[in-house]
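Asks: What follows is entry15.txt, compact mmCIF, N, CA and C atoms.
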# COMPACT_ATOMS: atom_id res chain seq x y z
N MET A 4 0.84 -1.17 0.00
CA MET A 4 0.00 0.00 0.00
C MET A 4 0.89 1.24 0.00
N SER A 5 0.53 2.22 -0.78
CA SER A 5 1.33 3.44 -0.84
C SER A 5 1.07 4.32 0.36
N ASP A 6 1.98 5.21 0.62
CA ASP A 6 1.89 6.12 1.75
C ASP A 6 0.88 7.21 1.44
N ASP A 7 -0.15 7.35 2.27
CA ASP A 7 -1.17 8.38 2.08
C ASP A 7 -0.71 9.64 2.80
N LEU A 8 -0.31 10.66 2.05
CA LEU A 8 0.22 11.88 2.64
C LEU A 8 -0.83 12.69 3.38
N ASN A 9 -2.10 12.35 3.19
CA ASN A 9 -3.16 13.07 3.89
C ASN A 9 -3.41 12.52 5.29
N LYS A 10 -2.90 11.34 5.58
CA LYS A 10 -3.07 10.73 6.90
C LYS A 10 -1.79 10.94 7.69
N LYS A 11 -1.85 11.84 8.65
CA LYS A 11 -0.68 12.16 9.46
C LYS A 11 -0.95 11.82 10.91
N GLY A 12 -1.22 10.58 11.15
CA GLY A 12 -1.54 10.12 12.49
C GLY A 12 -0.31 9.91 13.32
N PHE A 13 -0.53 9.39 14.51
CA PHE A 13 0.54 9.19 15.49
C PHE A 13 1.70 8.37 14.94
N GLN A 14 1.42 7.31 14.21
CA GLN A 14 2.48 6.44 13.72
C GLN A 14 3.45 7.21 12.81
N ASP A 15 2.96 8.11 11.99
CA ASP A 15 3.82 8.87 11.09
C ASP A 15 4.76 9.80 11.84
N ARG A 16 4.40 10.20 13.05
CA ARG A 16 5.24 11.12 13.80
C ARG A 16 6.28 10.42 14.66
N THR A 17 6.23 9.11 14.75
CA THR A 17 7.16 8.42 15.65
C THR A 17 8.17 7.55 14.91
N ARG A 18 8.01 7.38 13.63
CA ARG A 18 8.90 6.51 12.84
C ARG A 18 9.48 7.29 11.66
N ILE A 19 10.67 6.89 11.26
CA ILE A 19 11.32 7.51 10.11
C ILE A 19 11.44 6.46 9.02
N ASN A 20 10.83 6.72 7.88
CA ASN A 20 10.91 5.80 6.74
C ASN A 20 11.92 6.37 5.76
N MET A 21 13.10 5.78 5.74
CA MET A 21 14.17 6.28 4.88
C MET A 21 13.90 6.01 3.40
N ASN A 22 12.85 5.25 3.08
CA ASN A 22 12.51 4.96 1.69
C ASN A 22 11.52 5.95 1.10
N GLU A 23 11.07 6.91 1.90
CA GLU A 23 10.11 7.91 1.44
C GLU A 23 10.79 9.28 1.43
N ALA A 24 10.98 9.84 0.24
CA ALA A 24 11.70 11.11 0.11
C ALA A 24 11.09 12.23 0.94
N HIS A 25 9.77 12.30 1.00
CA HIS A 25 9.13 13.37 1.78
C HIS A 25 9.39 13.22 3.27
N GLU A 26 9.52 11.98 3.74
CA GLU A 26 9.83 11.78 5.16
C GLU A 26 11.28 12.12 5.45
N VAL A 27 12.18 11.73 4.57
CA VAL A 27 13.59 12.06 4.73
C VAL A 27 13.75 13.58 4.75
N ALA A 28 13.06 14.27 3.85
CA ALA A 28 13.13 15.73 3.80
C ALA A 28 12.61 16.34 5.10
N TYR A 29 11.50 15.81 5.60
CA TYR A 29 10.93 16.33 6.85
C TYR A 29 11.89 16.16 8.02
N TRP A 30 12.41 14.93 8.18
CA TRP A 30 13.25 14.64 9.34
C TRP A 30 14.60 15.33 9.25
N THR A 31 15.18 15.46 8.06
CA THR A 31 16.46 16.17 7.95
C THR A 31 16.27 17.64 8.33
N GLU A 32 15.15 18.22 7.93
CA GLU A 32 14.89 19.62 8.29
C GLU A 32 14.61 19.73 9.79
N LYS A 33 13.82 18.83 10.32
CA LYS A 33 13.48 18.87 11.75
C LYS A 33 14.72 18.76 12.62
N PHE A 34 15.63 17.84 12.27
CA PHE A 34 16.83 17.63 13.08
C PHE A 34 18.00 18.51 12.64
N GLY A 35 17.89 19.18 11.50
CA GLY A 35 18.97 20.05 11.03
C GLY A 35 20.20 19.27 10.60
N VAL A 36 19.98 18.13 9.93
CA VAL A 36 21.09 17.27 9.49
C VAL A 36 20.95 16.95 8.00
N SER A 37 22.00 16.38 7.44
CA SER A 37 21.96 15.94 6.05
C SER A 37 21.29 14.57 5.95
N LYS A 38 20.97 14.17 4.74
CA LYS A 38 20.40 12.84 4.51
C LYS A 38 21.36 11.76 4.99
N GLU A 39 22.64 11.96 4.74
CA GLU A 39 23.64 10.98 5.14
C GLU A 39 23.74 10.88 6.66
N GLN A 40 23.68 12.03 7.34
CA GLN A 40 23.73 12.03 8.80
C GLN A 40 22.50 11.34 9.38
N LEU A 41 21.34 11.58 8.77
CA LEU A 41 20.12 10.94 9.23
C LEU A 41 20.21 9.43 9.05
N HIS A 42 20.70 9.01 7.90
CA HIS A 42 20.83 7.58 7.63
C HIS A 42 21.79 6.93 8.63
N ALA A 43 22.90 7.59 8.91
CA ALA A 43 23.87 7.06 9.87
C ALA A 43 23.26 6.97 11.27
N ALA A 44 22.44 7.95 11.63
CA ALA A 44 21.80 7.94 12.95
C ALA A 44 20.77 6.82 13.05
N VAL A 45 20.04 6.55 11.97
CA VAL A 45 19.08 5.44 11.96
C VAL A 45 19.85 4.13 12.13
N ASP A 46 20.96 4.00 11.43
CA ASP A 46 21.79 2.79 11.56
C ASP A 46 22.33 2.66 12.99
N LYS A 47 22.80 3.75 13.55
CA LYS A 47 23.36 3.73 14.90
C LYS A 47 22.29 3.39 15.94
N ALA A 48 21.09 3.96 15.76
CA ALA A 48 20.00 3.71 16.70
C ALA A 48 19.48 2.29 16.60
N GLY A 49 19.64 1.68 15.42
CA GLY A 49 19.17 0.33 15.23
C GLY A 49 17.66 0.22 15.08
N THR A 50 17.03 1.36 14.90
CA THR A 50 15.58 1.41 14.77
C THR A 50 15.21 2.69 14.02
N SER A 51 13.99 2.74 13.52
CA SER A 51 13.54 3.96 12.85
C SER A 51 12.71 4.83 13.78
N SER A 52 12.76 4.55 15.07
CA SER A 52 12.06 5.37 16.05
C SER A 52 12.66 6.78 16.05
N ALA A 53 11.82 7.77 15.87
CA ALA A 53 12.31 9.15 15.82
C ALA A 53 13.01 9.54 17.11
N ASP A 54 12.50 9.09 18.25
CA ASP A 54 13.14 9.41 19.53
C ASP A 54 14.54 8.81 19.62
N ALA A 55 14.67 7.55 19.22
CA ALA A 55 15.97 6.88 19.27
C ALA A 55 16.96 7.52 18.30
N VAL A 56 16.48 7.91 17.14
CA VAL A 56 17.35 8.56 16.15
C VAL A 56 17.79 9.92 16.66
N GLU A 57 16.88 10.65 17.27
CA GLU A 57 17.24 11.96 17.83
C GLU A 57 18.32 11.80 18.91
N LYS A 58 18.19 10.80 19.76
CA LYS A 58 19.20 10.55 20.79
C LYS A 58 20.54 10.19 20.16
N ALA A 59 20.51 9.40 19.08
CA ALA A 59 21.74 9.01 18.39
C ALA A 59 22.41 10.24 17.78
N LEU A 60 21.61 11.15 17.25
CA LEU A 60 22.17 12.38 16.67
C LEU A 60 22.81 13.25 17.75
N LYS A 61 22.16 13.33 18.89
CA LYS A 61 22.68 14.18 19.98
C LYS A 61 23.95 13.61 20.59
N SER A 62 24.11 12.29 20.53
CA SER A 62 25.30 11.67 21.12
C SER A 62 26.49 11.66 20.16
N SER A 63 26.26 12.10 18.93
CA SER A 63 27.35 12.12 17.94
C SER A 63 28.25 13.31 18.11
Produce structure tokens that represent the structure in this file.

Replies:
Amino acid sequence: MSDDLNKKGFQDRTRINMNEAHEVAYWTEKFGVSKEQLHAAVDKAGTSSADAVEKALKSS
């Protein structure tokens, strides 16, 4: 199923989908990082949880 951009429920705000360009753009802007830095933080966090990724970015 494709991502419905009109549905912005709780799940969309807590996970980072690196396969969706609009989500990568949103999260890179929110965290003030590059796409590469975001990808590295997702890898470091071991999850796509936005909270875990934010913590990984802050510890870098």

Asks: Can you pull out the residues contacting A:Leu60? Cut-off 8 Å, using all atoms listed in the file, and skip same-chain residues under 5 positions away; I want them as a PyMOL selection string.

Replies: chain A and resi 40-41+43-45+47-48+54-55

Asks: With only C-alpha atoms as the atoms that count, which of A:Ala53, A:Lys58, A:Ser63, A:Gly35 lies nearest to A:Met21?

Replies: A:Ala53

Asks: Kindly give the distance, in Å, that separates atom CA of A:Gly49 and atom CA of A:Thr31, rounded to a single decimal.

Replies: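 Between atom CA of A:Gly49 and atom CA of A:Thr31 the gap is 17.6 Å.
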
Asks: Rounded to one decimal place, report the atom CA of A:Glu23-atom CA of A:Lys61 distance in Å.

Replies: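 Taking atom CA of A:Glu23 and atom CA of A:Lys61, their separation equals 23.3 Å.
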
Asks: Where in chain A does DSSP assign helix (DSSP H, G or I), given as a PyMOL selection string?

Replies: chain A and resi 13-17+24-34+38-48+53-61

Asks: Considering only N, CA and C atoms, return as a list in words whatever protein or nucleic-acid residues lie within 6 Å of A:Ser52, sequence-local ones (same chain, fewer than 2 positions apart) excluded.

Replies: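 Contacts, with the query itself left out: Thr17, Arg18, Ile19, Thr50, Asp54, Ala55, Val56 and Glu57 of chain A.
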
Asks: Measure the distance from atom C of A:Val36 to atom CA of A:Arg16 in Å and round it to one decimal.

Replies: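 About the pair atom C of A:Val36 and atom CA of A:Arg16: they are 17.7 Å apart.
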